[in-house]
file entry04.cif (mmCIF, C-alpha atoms (C1' of nucleotides))
data_my_file
loop_
_atom_site.label_atom_id
_atom_site.label_comp_id
_atom_site.auth_asym_id
_atom_site.auth_seq_id
_atom_site.Cartn_x
_atom_site.Cartn_y
_atom_site.Cartn_z
CA MET A 1 31.35 -12.61 -31.40
CA ALA A 2 30.18 -15.05 -28.81
CA ASP A 3 26.87 -15.79 -30.41
CA SER A 4 25.04 -12.50 -30.42
CA ASN A 5 21.62 -14.02 -30.98
CA HIS A 6 22.04 -16.23 -27.99
CA THR A 7 23.00 -13.30 -25.80
CA ARG A 8 20.10 -11.25 -27.03
CA ALA A 9 17.74 -14.12 -26.31
CA ALA A 10 19.17 -14.58 -22.84
CA ILE A 11 18.62 -10.91 -22.11
CA LEU A 12 15.04 -11.08 -23.36
CA ASP A 13 14.41 -14.17 -21.27
CA ALA A 14 15.71 -12.50 -18.15
CA ALA A 15 13.79 -9.34 -18.96
CA TYR A 16 10.63 -11.36 -19.37
CA VAL A 17 10.95 -12.95 -15.96
CA LEU A 18 11.77 -9.71 -14.20
CA PHE A 19 9.32 -7.37 -15.91
CA ARG A 20 6.66 -9.99 -15.28
CA ARG A 21 7.57 -10.34 -11.64
CA SER A 22 8.14 -6.72 -10.71
CA GLY A 23 6.54 -4.64 -13.40
CA TYR A 24 8.35 -2.08 -15.51
CA ALA A 25 9.54 0.51 -13.03
CA ARG A 26 10.69 -1.89 -10.35
CA ALA A 27 12.60 -4.22 -12.65
CA SER A 28 16.17 -2.96 -12.84
CA LEU A 29 18.56 -3.38 -15.72
CA ASP A 30 21.29 -4.41 -13.31
CA GLU A 31 19.16 -7.31 -12.16
CA ILE A 32 18.16 -8.23 -15.70
CA ALA A 33 21.80 -8.25 -16.77
CA ARG A 34 22.73 -10.36 -13.77
CA GLN A 35 19.99 -12.88 -14.51
CA ALA A 36 21.03 -13.02 -18.12
CA GLY A 37 24.61 -13.70 -17.06
CA VAL A 38 25.85 -10.63 -18.85
CA THR A 39 27.05 -7.13 -18.09
CA LYS A 40 24.73 -4.19 -18.16
CA ARG A 41 26.88 -2.70 -20.88
CA THR A 42 26.04 -5.69 -23.05
CA VAL A 43 22.37 -5.11 -22.50
CA TYR A 44 22.89 -1.59 -23.78
CA TYR A 45 24.76 -2.94 -26.74
CA HIS A 46 21.71 -4.96 -27.78
CA PHE A 47 19.01 -2.55 -26.67
CA GLU A 48 19.13 1.18 -26.84
CA SER A 49 17.35 1.81 -23.54
CA LYS A 50 15.06 0.26 -21.00
CA ASP A 51 12.09 1.46 -23.02
CA HIS A 52 13.43 -0.14 -26.17
CA LEU A 53 14.08 -3.34 -24.28
CA VAL A 54 10.55 -3.58 -22.98
CA GLY A 55 9.27 -2.72 -26.42
CA ALA A 56 11.29 -5.48 -28.06
CA LEU A 57 10.23 -7.89 -25.36
CA LEU A 58 6.56 -7.15 -25.78
CA ALA A 59 6.81 -7.39 -29.54
CA GLU A 60 8.42 -10.78 -29.24
CA GLN A 61 5.88 -11.95 -26.67
CA ALA A 62 3.05 -10.73 -28.85
CA ALA A 63 4.31 -12.75 -31.81
CA ARG A 64 4.80 -15.78 -29.61
CA ALA A 65 1.37 -15.48 -28.03
CA LEU A 66 -0.29 -15.01 -31.39
CA ALA A 67 1.40 -18.13 -32.77
CA ALA A 68 0.38 -20.11 -29.70
CA TRP A 69 -3.19 -18.92 -30.07
CA ARG A 70 -3.23 -19.83 -33.70
CA THR A 71 -2.53 -23.48 -33.00
CA TYR A 72 -4.71 -23.43 -29.89
CA GLY A 73 -7.56 -21.82 -31.79
CA ASP A 74 -7.32 -24.43 -34.55
CA GLY A 75 -7.84 -27.09 -31.92
CA LEU A 76 -10.95 -25.38 -30.59
CA ALA A 77 -13.86 -27.21 -32.13
CA GLY A 78 -17.48 -27.72 -31.21
CA SER A 79 -20.30 -25.30 -30.59
CA PRO A 80 -19.66 -21.70 -29.58
CA GLU A 81 -20.81 -22.58 -26.08
CA GLU A 82 -18.30 -25.37 -25.86
CA ILE A 83 -15.53 -23.13 -27.06
CA VAL A 84 -16.45 -20.52 -24.47
CA ASP A 85 -16.37 -23.17 -21.79
CA ARG A 86 -12.99 -24.37 -22.88
CA LEU A 87 -11.69 -20.81 -23.00
CA PHE A 88 -12.69 -20.03 -19.44
CA GLU A 89 -11.48 -23.38 -18.18
CA GLY A 90 -8.12 -22.39 -19.57
CA LEU A 91 -8.35 -19.04 -17.85
CA VAL A 92 -9.16 -20.59 -14.49
CA GLU A 93 -6.24 -22.95 -14.83
CA TRP A 94 -3.84 -20.23 -15.89
CA SER A 95 -4.91 -17.77 -13.22
CA SER A 96 -4.55 -20.42 -10.53
CA ARG A 97 -0.83 -20.71 -11.08
CA PRO A 98 1.26 -19.79 -8.02
CA HIS A 99 2.48 -16.29 -8.76
CA TRP A 100 0.09 -15.46 -11.53
CA SER A 101 -0.09 -11.74 -12.18
CA GLY A 102 -2.48 -11.35 -15.08
CA SER A 103 -1.73 -10.55 -18.68
CA GLY A 104 1.66 -8.98 -19.09
CA PHE A 105 0.28 -6.71 -21.79
CA THR A 106 -2.53 -5.47 -19.61
CA ARG A 107 -0.17 -5.03 -16.74
CA LEU A 108 2.25 -2.91 -18.71
CA ALA A 109 -0.53 -0.83 -20.22
CA VAL A 110 -1.94 -0.15 -16.78
CA GLU A 111 1.42 0.68 -15.24
CA LEU A 112 2.13 3.06 -18.09
CA ALA A 113 -1.38 4.52 -18.03
CA ASP A 114 0.00 8.05 -18.05
CA MET A 115 2.20 7.43 -21.10
CA PRO A 116 -0.13 6.85 -24.03
CA GLY A 117 2.72 7.28 -26.48
CA HIS A 118 4.98 4.63 -24.99
CA PRO A 119 5.90 1.91 -27.51
CA ALA A 120 4.80 -0.79 -25.10
CA ARG A 121 1.33 0.73 -25.05
CA ARG A 122 1.01 0.54 -28.81
CA ILE A 123 2.14 -3.06 -28.92
CA ALA A 124 -0.24 -4.04 -26.15
CA SER A 125 -3.12 -2.38 -27.92
CA GLU A 126 -2.37 -4.00 -31.26
CA HIS A 127 -1.85 -7.36 -29.64
CA LYS A 128 -5.15 -7.35 -27.79
CA ALA A 129 -6.93 -6.34 -30.96
CA ALA A 130 -5.23 -9.10 -32.94
CA LEU A 131 -6.19 -11.71 -30.35
CA GLU A 132 -9.78 -10.55 -30.39
CA THR A 133 -9.88 -10.75 -34.18
CA MET A 134 -8.46 -14.25 -34.14
CA LEU A 135 -10.93 -15.42 -31.58
CA ALA A 136 -13.75 -13.84 -33.53
CA ASP A 137 -12.70 -15.85 -36.58
CA THR A 138 -12.74 -19.02 -34.55
CA MET A 139 -16.17 -18.22 -33.21
CA ARG A 140 -17.49 -17.37 -36.63
CA ARG A 141 -16.23 -20.68 -38.00
CA ALA A 142 -17.97 -22.40 -35.11
CA GLY A 143 -21.21 -20.96 -36.39
CA LEU A 144 -21.76 -18.08 -33.99
CA ASP A 145 -23.96 -15.27 -35.24
CA ASP A 146 -22.60 -11.76 -35.03
CA ALA A 147 -19.30 -13.25 -33.97
CA ALA A 148 -17.42 -9.96 -33.77
CA ALA A 149 -19.83 -8.42 -31.28
CA ARG A 150 -20.14 -11.61 -29.23
CA THR A 151 -16.37 -12.06 -29.15
CA ARG A 152 -15.88 -8.55 -27.92
CA GLU A 153 -18.22 -9.31 -25.07
CA ILE A 154 -16.29 -12.44 -24.25
CA HIS A 155 -13.11 -10.41 -24.36
CA LEU A 156 -14.57 -7.88 -21.94
CA LEU A 157 -15.49 -10.67 -19.56
CA VAL A 158 -12.06 -12.24 -19.82
CA GLU A 159 -10.30 -8.97 -19.05
CA GLY A 160 -12.69 -8.25 -16.22
CA ALA A 161 -12.16 -11.72 -14.82
CA MET A 162 -8.40 -11.33 -14.97
CA VAL A 163 -8.45 -8.02 -13.17
CA LEU A 164 -10.86 -9.15 -10.48
CA THR A 165 -9.05 -12.44 -10.02
CA LEU A 166 -5.86 -10.50 -9.52
CA ILE A 167 -7.51 -8.18 -7.03
CA HIS A 168 -9.36 -10.80 -5.02
CA ALA A 169 -7.35 -13.96 -5.69
CA ASP A 170 -10.65 -15.75 -6.03
CA PRO A 171 -11.50 -18.05 -8.96
CA ALA A 172 -15.20 -17.31 -8.46
CA TYR A 173 -14.90 -14.28 -10.73
CA ALA A 174 -13.64 -16.34 -13.64
CA ALA A 175 -16.45 -18.81 -13.05
CA ALA A 176 -19.02 -16.01 -13.05
CA ALA A 177 -17.51 -14.61 -16.24
CA ALA A 178 -17.72 -18.04 -17.84
CA ALA A 179 -21.40 -18.36 -17.01
CA ALA A 180 -22.12 -14.88 -18.33
CA ALA A 181 -20.21 -15.50 -21.55
CA ARG A 182 -22.08 -18.72 -22.10
CA ARG A 183 -25.44 -17.00 -21.77
CA LEU A 184 -24.33 -14.20 -24.06
CA VAL A 185 -23.40 -16.54 -26.88
CA ALA A 186 -26.44 -18.77 -26.32
CA ALA A 187 -29.14 -16.10 -26.07
CA PRO A 188 -30.56 -14.56 -29.19
CA ALA A 189 -28.77 -11.26 -29.48
CA GLY A 190 -31.96 -9.28 -29.95
CA SER A 191 -33.32 -9.89 -26.47
CA GLY A 192 -32.80 -7.07 -24.04
CA ALA A 193 -31.99 -4.54 -26.70
CA LYS A 194 -32.71 -0.99 -25.73
CA ALA A 195 -36.31 0.08 -26.40
CA MET B 1 0.97 23.45 15.99
CA ALA B 2 0.23 24.84 12.57
CA ASP B 3 -2.95 22.94 11.92
CA SER B 4 -1.91 19.36 11.68
CA ASN B 5 -5.10 18.15 10.06
CA HIS B 6 -4.79 20.68 7.32
CA THR B 7 -1.22 19.63 6.57
CA ARG B 8 -2.17 15.99 6.56
CA ALA B 9 -4.99 16.71 4.15
CA ALA B 10 -2.70 18.71 1.88
CA ILE B 11 -0.25 15.82 1.77
CA LEU B 12 -3.01 13.35 0.96
CA ASP B 13 -4.31 15.66 -1.76
CA ALA B 14 -0.91 15.93 -3.37
CA ALA B 15 -0.35 12.21 -3.00
CA TYR B 16 -3.66 11.54 -4.69
CA VAL B 17 -2.77 13.63 -7.71
CA LEU B 18 0.69 12.17 -8.09
CA PHE B 19 -0.05 8.53 -7.41
CA ARG B 20 -2.93 8.83 -9.83
CA ARG B 21 -0.80 10.46 -12.49
CA SER B 22 2.35 8.37 -12.21
CA GLY B 23 1.44 5.24 -10.31
CA TYR B 24 3.05 4.11 -7.12
CA ALA B 25 6.67 3.52 -8.03
CA ARG B 26 7.13 6.59 -10.19
CA ALA B 27 5.51 9.04 -7.80
CA SER B 28 8.25 10.40 -5.55
CA LEU B 29 7.88 11.65 -2.04
CA ASP B 30 9.96 14.67 -2.87
CA GLU B 31 7.46 15.66 -5.51
CA ILE B 32 4.50 14.92 -3.25
CA ALA B 33 6.01 17.08 -0.52
CA ARG B 34 6.69 19.86 -2.98
CA GLN B 35 3.12 19.78 -4.30
CA ALA B 36 1.79 19.78 -0.76
CA GLY B 37 3.94 22.84 0.03
CA VAL B 38 5.72 21.00 2.79
CA THR B 39 9.06 19.40 3.52
CA LYS B 40 9.58 15.71 2.95
CA ARG B 41 10.42 15.39 6.60
CA THR B 42 6.93 16.61 7.42
CA VAL B 43 5.46 13.92 5.21
CA TYR B 44 7.39 11.42 7.30
CA TYR B 45 6.09 13.04 10.44
CA HIS B 46 2.51 12.31 9.35
CA PHE B 47 3.10 9.02 7.56
CA GLU B 48 5.49 6.32 8.56
CA SER B 49 6.56 5.40 5.02
CA LYS B 50 5.56 5.58 1.40
CA ASP B 51 3.63 2.35 1.83
CA HIS B 52 1.74 3.74 4.79
CA LEU B 53 1.00 6.90 2.88
CA VAL B 54 -0.48 5.06 -0.06
CA GLY B 55 -2.41 2.87 2.33
CA ALA B 56 -3.89 5.85 4.15
CA LEU B 57 -4.69 7.49 0.84
CA LEU B 58 -6.50 4.47 -0.51
CA ALA B 59 -8.42 4.02 2.70
CA GLU B 60 -9.57 7.62 2.54
CA GLN B 61 -10.47 7.35 -1.12
CA ALA B 62 -12.38 4.15 -0.48
CA ALA B 63 -14.48 5.81 2.19
CA ARG B 64 -15.07 8.80 -0.03
CA ALA B 65 -16.02 6.67 -3.02
CA LEU B 66 -18.34 4.55 -0.96
CA ALA B 67 -20.12 7.61 0.37
CA ALA B 68 -20.44 9.03 -3.12
CA TRP B 69 -21.86 5.76 -4.37
CA ARG B 70 -24.32 5.62 -1.54
CA THR B 71 -25.95 8.88 -2.56
CA TYR B 72 -25.56 8.09 -6.24
CA GLY B 73 -27.11 4.65 -5.75
CA ASP B 74 -30.06 6.13 -3.89
CA GLY B 75 -30.78 8.25 -6.91
CA LEU B 76 -30.73 5.26 -9.24
CA ALA B 77 -34.33 4.34 -9.83
CA GLY B 78 -36.22 2.54 -12.55
CA SER B 79 -35.90 -0.93 -13.97
CA PRO B 80 -32.66 -2.92 -13.74
CA GLU B 81 -32.12 -2.27 -17.44
CA GLU B 82 -32.44 1.44 -16.94
CA ILE B 83 -30.01 1.35 -14.05
CA VAL B 84 -27.52 -0.58 -16.13
CA ASP B 85 -27.84 1.97 -18.89
CA ARG B 86 -27.27 4.81 -16.50
CA LEU B 87 -24.28 3.04 -15.00
CA PHE B 88 -22.53 2.59 -18.30
CA GLU B 89 -23.40 6.07 -19.46
CA GLY B 90 -21.57 7.26 -16.38
CA LEU B 91 -18.64 5.03 -17.22
CA VAL B 92 -18.40 6.35 -20.76
CA GLU B 93 -18.47 9.90 -19.51
CA TRP B 94 -15.88 9.28 -16.82
CA SER B 95 -13.51 7.36 -19.07
CA SER B 96 -13.68 10.10 -21.69
CA ARG B 97 -12.06 12.62 -19.40
CA PRO B 98 -8.74 13.97 -20.71
CA HIS B 99 -6.13 12.07 -18.73
CA TRP B 100 -8.34 9.30 -17.46
CA SER B 101 -6.33 6.35 -16.22
CA GLY B 102 -8.90 3.90 -14.92
CA SER B 103 -9.79 3.04 -11.38
CA GLY B 104 -7.06 4.03 -8.97
CA PHE B 105 -7.72 0.91 -6.94
CA THR B 106 -7.39 -1.38 -9.93
CA ARG B 107 -4.32 0.45 -11.03
CA LEU B 108 -2.57 0.08 -7.71
CA ALA B 109 -3.55 -3.57 -7.42
CA VAL B 110 -2.15 -4.28 -10.86
CA GLU B 111 1.05 -2.35 -10.28
CA LEU B 112 1.57 -4.23 -7.02
CA ALA B 113 0.57 -7.56 -8.55
CA ASP B 114 3.63 -9.24 -7.08
CA MET B 115 2.93 -8.02 -3.54
CA PRO B 116 -0.25 -9.72 -2.41
CA GLY B 117 0.38 -8.69 1.18
CA HIS B 118 0.68 -4.97 0.51
CA PRO B 119 -1.84 -2.92 2.52
CA ALA B 120 -3.01 -1.17 -0.63
CA ARG B 121 -3.94 -4.51 -2.11
CA ARG B 122 -6.14 -5.41 0.83
CA ILE B 123 -7.91 -2.06 0.74
CA ALA B 124 -8.48 -2.31 -3.00
CA SER B 125 -9.93 -5.78 -2.63
CA GLU B 126 -12.25 -4.82 0.19
CA HIS B 127 -13.34 -1.69 -1.60
CA LYS B 128 -14.24 -3.45 -4.82
CA ALA B 129 -16.19 -6.04 -2.85
CA ALA B 130 -18.05 -3.34 -0.94
CA LEU B 131 -18.98 -1.52 -4.13
CA GLU B 132 -20.26 -4.72 -5.67
CA THR B 133 -22.37 -5.43 -2.60
CA MET B 134 -23.85 -1.96 -2.66
CA LEU B 135 -24.70 -2.18 -6.31
CA ALA B 136 -26.23 -5.60 -5.76
CA ASP B 137 -28.51 -4.10 -3.11
CA THR B 138 -29.58 -1.39 -5.50
CA MET B 139 -30.31 -3.94 -8.20
CA ARG B 140 -32.23 -6.14 -5.82
CA ARG B 141 -34.37 -3.20 -4.75
CA ALA B 142 -35.00 -2.48 -8.40
CA GLY B 143 -36.53 -5.92 -8.68
CA LEU B 144 -33.72 -7.85 -10.34
CA ASP B 145 -33.77 -11.60 -9.83
CA ASP B 146 -30.60 -13.20 -8.55
CA ALA B 147 -29.18 -9.75 -8.10
CA ALA B 148 -25.87 -10.87 -6.60
CA ALA B 149 -24.95 -13.03 -9.59
CA ARG B 150 -26.19 -10.48 -12.13
CA THR B 151 -24.32 -7.68 -10.38
CA ARG B 152 -21.12 -9.65 -10.41
CA GLU B 153 -21.49 -10.03 -14.15
CA ILE B 154 -22.04 -6.31 -14.51
CA HIS B 155 -18.98 -5.72 -12.37
CA LEU B 156 -16.91 -8.00 -14.59
CA LEU B 157 -18.05 -6.07 -17.64
CA VAL B 158 -17.28 -2.74 -16.02
CA GLU B 159 -13.76 -3.79 -15.07
CA GLY B 160 -13.19 -5.28 -18.49
CA ALA B 161 -14.45 -2.13 -20.13
CA MET B 162 -12.16 0.04 -18.01
CA VAL B 163 -9.10 -2.03 -18.84
CA LEU B 164 -9.84 -2.20 -22.55
CA THR B 165 -10.74 1.46 -22.72
CA LEU B 166 -7.42 2.26 -21.11
CA ILE B 167 -5.58 0.00 -23.53
CA HIS B 168 -7.31 1.13 -26.70
CA ALA B 169 -8.57 4.60 -25.80
CA ASP B 170 -11.79 3.67 -27.58
CA PRO B 171 -15.25 4.16 -26.03
CA ALA B 172 -16.59 1.29 -28.18
CA TYR B 173 -15.58 -1.19 -25.49
CA ALA B 174 -17.70 0.51 -22.85
CA ALA B 175 -20.60 0.59 -25.29
CA ALA B 176 -20.21 -3.12 -26.00
CA ALA B 177 -20.06 -3.83 -22.28
CA ALA B 178 -23.23 -1.82 -21.78
CA ALA B 179 -25.09 -3.81 -24.41
CA ALA B 180 -23.89 -7.09 -22.94
CA ALA B 181 -24.86 -6.08 -19.41
CA ARG B 182 -28.27 -5.09 -20.60
CA ARG B 183 -28.87 -8.45 -22.22
CA LEU B 184 -27.59 -10.24 -19.14
CA VAL B 185 -30.04 -8.54 -16.81
CA ALA B 186 -32.91 -8.77 -19.29
CA ALA B 187 -32.56 -12.42 -20.32
CA PRO B 188 -33.93 -15.14 -18.09
CA ALA B 189 -30.90 -16.42 -16.22
CA GLY B 190 -31.65 -20.03 -17.02
CA SER B 191 -31.04 -19.78 -20.75
CA GLY B 192 -27.68 -20.94 -21.93
CA ALA B 193 -26.92 -22.82 -18.76
CA LYS B 194 -24.50 -25.65 -19.18
CA ALA B 195 -26.11 -28.94 -20.25
"C1'" DT C 1 -3.35 39.51 31.33
"C1'" DG C 2 0.96 38.30 30.11
"C1'" DG C 3 4.88 35.33 30.63
"C1'" DT C 4 6.69 30.54 30.29
"C1'" DG C 5 7.29 25.58 29.92
"C1'" DT C 6 6.33 21.86 26.90
"C1'" DA C 7 4.87 18.98 23.41
"C1'" DA C 8 3.38 18.90 18.75
"C1'" DA C 9 4.64 20.27 14.16
"C1'" DT C 10 7.85 21.63 10.82
"C1'" DT C 11 12.27 22.77 8.56
"C1'" DC C 12 17.18 22.19 7.10
"C1'" DA C 13 20.59 19.52 5.84
"C1'" DC C 14 21.95 15.27 5.31
"C1'" DT C 15 22.87 9.85 4.36
"C1'" DA C 16 22.95 5.90 1.76
"C1'" DC C 17 21.92 3.67 -2.07
"C1'" DA C 18 20.02 2.09 -6.28
"C1'" DG C 19 19.29 2.74 -10.98
"C1'" DA C 20 19.78 4.41 -15.89
"C1'" DG C 21 23.14 5.19 -18.89
"C1'" DT C 22 28.32 5.74 -20.66
"C1'" DA C 23 33.68 6.04 -21.81
"C1'" DT C 24 36.92 3.04 -22.83
"C1'" DA C 25 39.52 -0.87 -23.23
"C1'" DC C 26 39.74 -5.79 -24.37
"C1'" DA C 27 38.50 -10.01 -26.99
"C1'" DT C 28 36.96 -12.66 -30.94
"C1'" DC C 29 35.92 -13.78 -35.54
"C1'" DC C 30 36.13 -13.06 -40.63
"C1'" DG D 1 43.03 -5.31 -39.68
"C1'" DG D 2 38.44 -4.09 -39.09
"C1'" DA D 3 33.83 -5.06 -37.43
"C1'" DT D 4 31.25 -7.14 -33.89
"C1'" DG D 5 30.52 -8.19 -29.06
"C1'" DT D 6 31.55 -8.21 -24.20
"C1'" DA D 7 33.58 -6.63 -19.79
"C1'" DT D 8 35.51 -3.18 -16.30
"C1'" DA D 9 34.75 0.64 -14.10
"C1'" DC D 10 32.79 4.48 -13.92
"C1'" DT D 11 29.12 9.07 -13.70
"C1'" DC D 12 25.17 11.31 -12.41
"C1'" DT D 13 20.73 11.72 -10.94
"C1'" DG D 14 16.84 10.66 -8.18
"C1'" DT D 15 14.86 8.65 -4.11
"C1'" DA D 16 13.42 6.63 0.40
"C1'" DG D 17 14.38 7.69 4.74
"C1'" DT D 18 16.76 10.26 9.04
"C1'" DG D 19 19.16 13.37 12.87
"C1'" DA D 20 18.89 17.38 15.03
"C1'" DA D 21 17.61 22.02 15.43
"C1'" DT D 22 13.68 25.19 15.28
"C1'" DT D 23 9.24 27.09 15.36
"C1'" DT D 24 4.36 27.15 16.67
"C1'" DA D 25 0.35 26.50 19.63
"C1'" DC D 26 -1.42 26.23 23.81
"C1'" DA D 27 -2.07 25.06 28.82
"C1'" DC D 28 -0.86 26.67 33.10
"C1'" DC D 29 0.38 29.91 36.52
"C1'" DA D 30 1.50 34.39 38.88
#
call {"tool": "encode", "arguments": {"input": "entry04.cif", "output": "structure tokens"}}
result
Amino acid sequence: MADSNHTRAAILDAAYVLFRRSGYARASLDEIARQAGVTKRTVYYHFESKDHLVGALLAEQAARALAAWRTYGDGLAGSPEEIVDRLFEGLVEWSSRPHWSGSGFTRLAVELADMPGHPARRIASEHKAALETMLADTMRRAGLDDAAARTREIHLLVEGAMVLTLIHADPAYAAAAAAAARRLVAAPAGSGAKA
Amino acid sequence: MADSNHTRAAILDAAYVLFRRSGYARASLDEIARQAGVTKRTVYYHFESKDHLVGALLAEQAARALAAWRTYGDGLAGSPEEIVDRLFEGLVEWSSRPHWSGSGFTRLAVELADMPGHPARRIASEHKAALETMLADTMRRAGLDDAAARTREIHLLVEGAMVLTLIHADPAYAAAAAAAARRLVAAPAGSGAKA
DNA sequence: TGGTGTAAATTCACTACAGAGTATACATCC
DNA sequence: GGATGTATACTCTGTAGTGAATTTACACCA
């Protein structure tokens, strides 16, 4: 059986690289199979279709990312402000990588904007929500008031920073987002409320 | 000569609809030509390639959007907080439309994330920058301190809200972004600054 | 005013190719 | 020997882009 798990993993690895590089539509199964060192027919043995493949890939990535965040989040100590700083430092670093192309989940969701029912869309949505919940827990443990609302605001700034960094290739947006997030968690939430 | 301008406009109109609906890769020139009531060969008479077509389309849309914003911005009066409120009310309304799929510029930039040199990318980048500048002017005239920095933060929240609204199909993100933006423009900018 | 040459505009019919997906046969392990 | 896995070699459809003929608009001239 020539280790089926290994083959499946190789296909997912190749799919990850190619979907990440070229997006969904422009990544071809021929190329993925080639990169995985396998025939296209084998890909279809393990995955029913291109849609199923991308679904499986995203599900796997979501689990992986969540696990990574869990350990990363546990290491995040200090005041809410410090955590926010650390978060955005990480973002700046990540988004400065050579061929960085934003969050794969966001990217897929945007590319498939006209297909709300696509499995990849559902996974992306659930994943983003799970991440936000986890971060909110971390922030709450760090003593932040109204952690859910504040974390959502941080999340909005992170997503905005990713998109604008991708568009402009300029780390200034992440820096601006960091400063804004810091003020949002530091300021008493009441100030500026609508009259 | 069978009104060339009219034909060109019809092609751009069809291209707008289809690129918007399906994104760049999945919108075909055959379909665009069909929608425009024209042969594909005619499309190629007016536009050198698919890339040139999308470039011309984005350039036209950018000009159109800028003009629309100019008049819209002139009508925006009141305090910075009120302007922010109005802005996000508009966003909520826009993003609630049936098949809303976010900003076309953002969408193209994300889909072409691996092609930093693509003409559409450059236009998207310049357009977003121009919009931010215009909004900053409006905010400055409304009496906002440090309008450029505050406007960038608003911009980050708007982009974040668009992405997360697209991902989750939930207007709560735009509402959260609105509240955050309001606090950011209302609070004295010094508070929360890094020690 | 009406014909006519000419360049712009458009169509028809095509190429070439890539990509998703499959029928079928071959190998490998229990 | 049967189930699992992989490869060869296809089909079929859609798509970007093109060659060459054809029509339309209009300037110019008798």
call {"tool": "residues_near_point", "arguments": {"input": "entry04.cif", "point": "(3.4, 27.5, 11.6)", "cutoff": "12 Å", "atoms": "only C-alpha atoms (C1' of nucleotides)", "output": "PDB file with C-alpha atoms (C1' of nucleotides), in the frame of the given file"}}
result
ATOM      1  CA  MET B   1       0.970  23.450  15.990  1.00  0.00           C
ATOM      2  CA  ALA B   2       0.230  24.840  12.570  1.00  0.00           C
ATOM      3  CA  ASP B   3      -2.950  22.940  11.920  1.00  0.00           C
ATOM      4  CA  SER B   4      -1.910  19.360  11.680  1.00  0.00           C
ATOM      5  CA  HIS B   6      -4.790  20.680   7.320  1.00  0.00           C
ATOM      6  CA  THR B   7      -1.220  19.630   6.570  1.00  0.00           C
ATOM      7  CA  VAL B  38       5.720  21.000   2.790  1.00  0.00           C
TER       8      VAL B  38
ATOM      9  C1'  DA C   8       3.380  18.900  18.750  1.00  0.00           C
ATOM     10  C1'  DA C   9       4.640  20.270  14.160  1.00  0.00           C
ATOM     11  C1'  DT C  10       7.850  21.630  10.820  1.00  0.00           C
ATOM     12  C1'  DT C  11      12.270  22.770   8.560  1.00  0.00           C
TER      13       DT C  11
ATOM     14  C1'  DT D  22      13.680  25.190  15.280  1.00  0.00           C
ATOM     15  C1'  DT D  23       9.240  27.090  15.360  1.00  0.00           C
ATOM     16  C1'  DT D  24       4.360  27.150  16.670  1.00  0.00           C
ATOM     17  C1'  DA D  25       0.350  26.500  19.630  1.00  0.00           C
TER      18       DA D  25
END
call {"tool": "interface_residues", "arguments": {"input": "entry04.cif", "of": "chain A", "to": "chain B", "cutoff": "8 Å", "atoms": "all atoms listed in the file", "output": "ChimeraX atom specification"}}
result
/A:21-23,25-26,99,101,106-107,109-114,121,124-125,149,152-153,155-161,163-164,166-168,173,176-177,179-180,182-187,189,191-194
call {"tool": "atom_distance", "arguments": {"input": "entry04.cif", "atom1": "CA of Glu132 in chain A", "atom2": "CA of Ala148 in chain B"}}
result
28.7 Å
call {"tool": "closest_residue", "arguments": {"input": "entry04.cif", "among": "D:DG2, D:DA20, D:DT8, D:DC28", "to": "chain A", "atoms": "only C-alpha atoms (C1' of nucleotides)"}}
result
D:DT8
call {"tool": "atom_distance", "arguments": {"input": "entry04.cif", "atom1": "C1' of DA16 in chain C", "atom2": "CA of Glu31 in chain A"}}
result
19.6 Å
call {"tool": "interface_residues", "arguments": {"input": "entry04.cif", "of": "chain A", "to": "chain C", "cutoff": "10 Å", "atoms": "all atoms listed in the file", "output": "list in words"}}
result
Met1, Ala2, Arg26, Ala27, Ser28, Leu29, Asp30, Lys40, Arg41, Tyr44, Glu48, Ser49 and Lys50 of chain A
call {"tool": "closest_residue", "arguments": {"input": "entry04.cif", "among": "D:DA21, D:DA27, D:DC12, D:DA7", "to": "chain A", "atoms": "only C-alpha atoms (C1' of nucleotides)"}}
result
D:DA7
call {"tool": "atom_distance", "arguments": {"input": "entry04.cif", "atom1": "CA of Phe47 in chain A", "atom2": "CA of Arg8 in chain A"}}
result
8.8 Å
call {"tool": "interface_residues", "arguments": {"input": "entry04.cif", "of": "chain D", "to": "chain B", "cutoff": "12 Å", "atoms": "all atoms listed in the file", "output": "VMD selection string"}}
result
chain D and resid 14 to 19 23 to 26
call {"tool": "resolve_selection", "arguments": {"input": "entry04.cif", "expression": "the PyMOL selection byres ((chain B and resi 60) around 12)", "output": "PyMOL selection string"}}
result
chain B and resi 8-9+12-13+15-16+53-59+61-67+105+120+123-124+127
call {"tool": "resolve_selection", "arguments": {"input": "entry04.cif", "expression": "the PyMOL selection byres ((chain B and resi 83) around 12)", "output": "NGL selection string"}}
result
:B and (72-82 or 84-90 or 135-136 or 138-144 or 151 or 154 or 178 or 181-182 or 185-186)
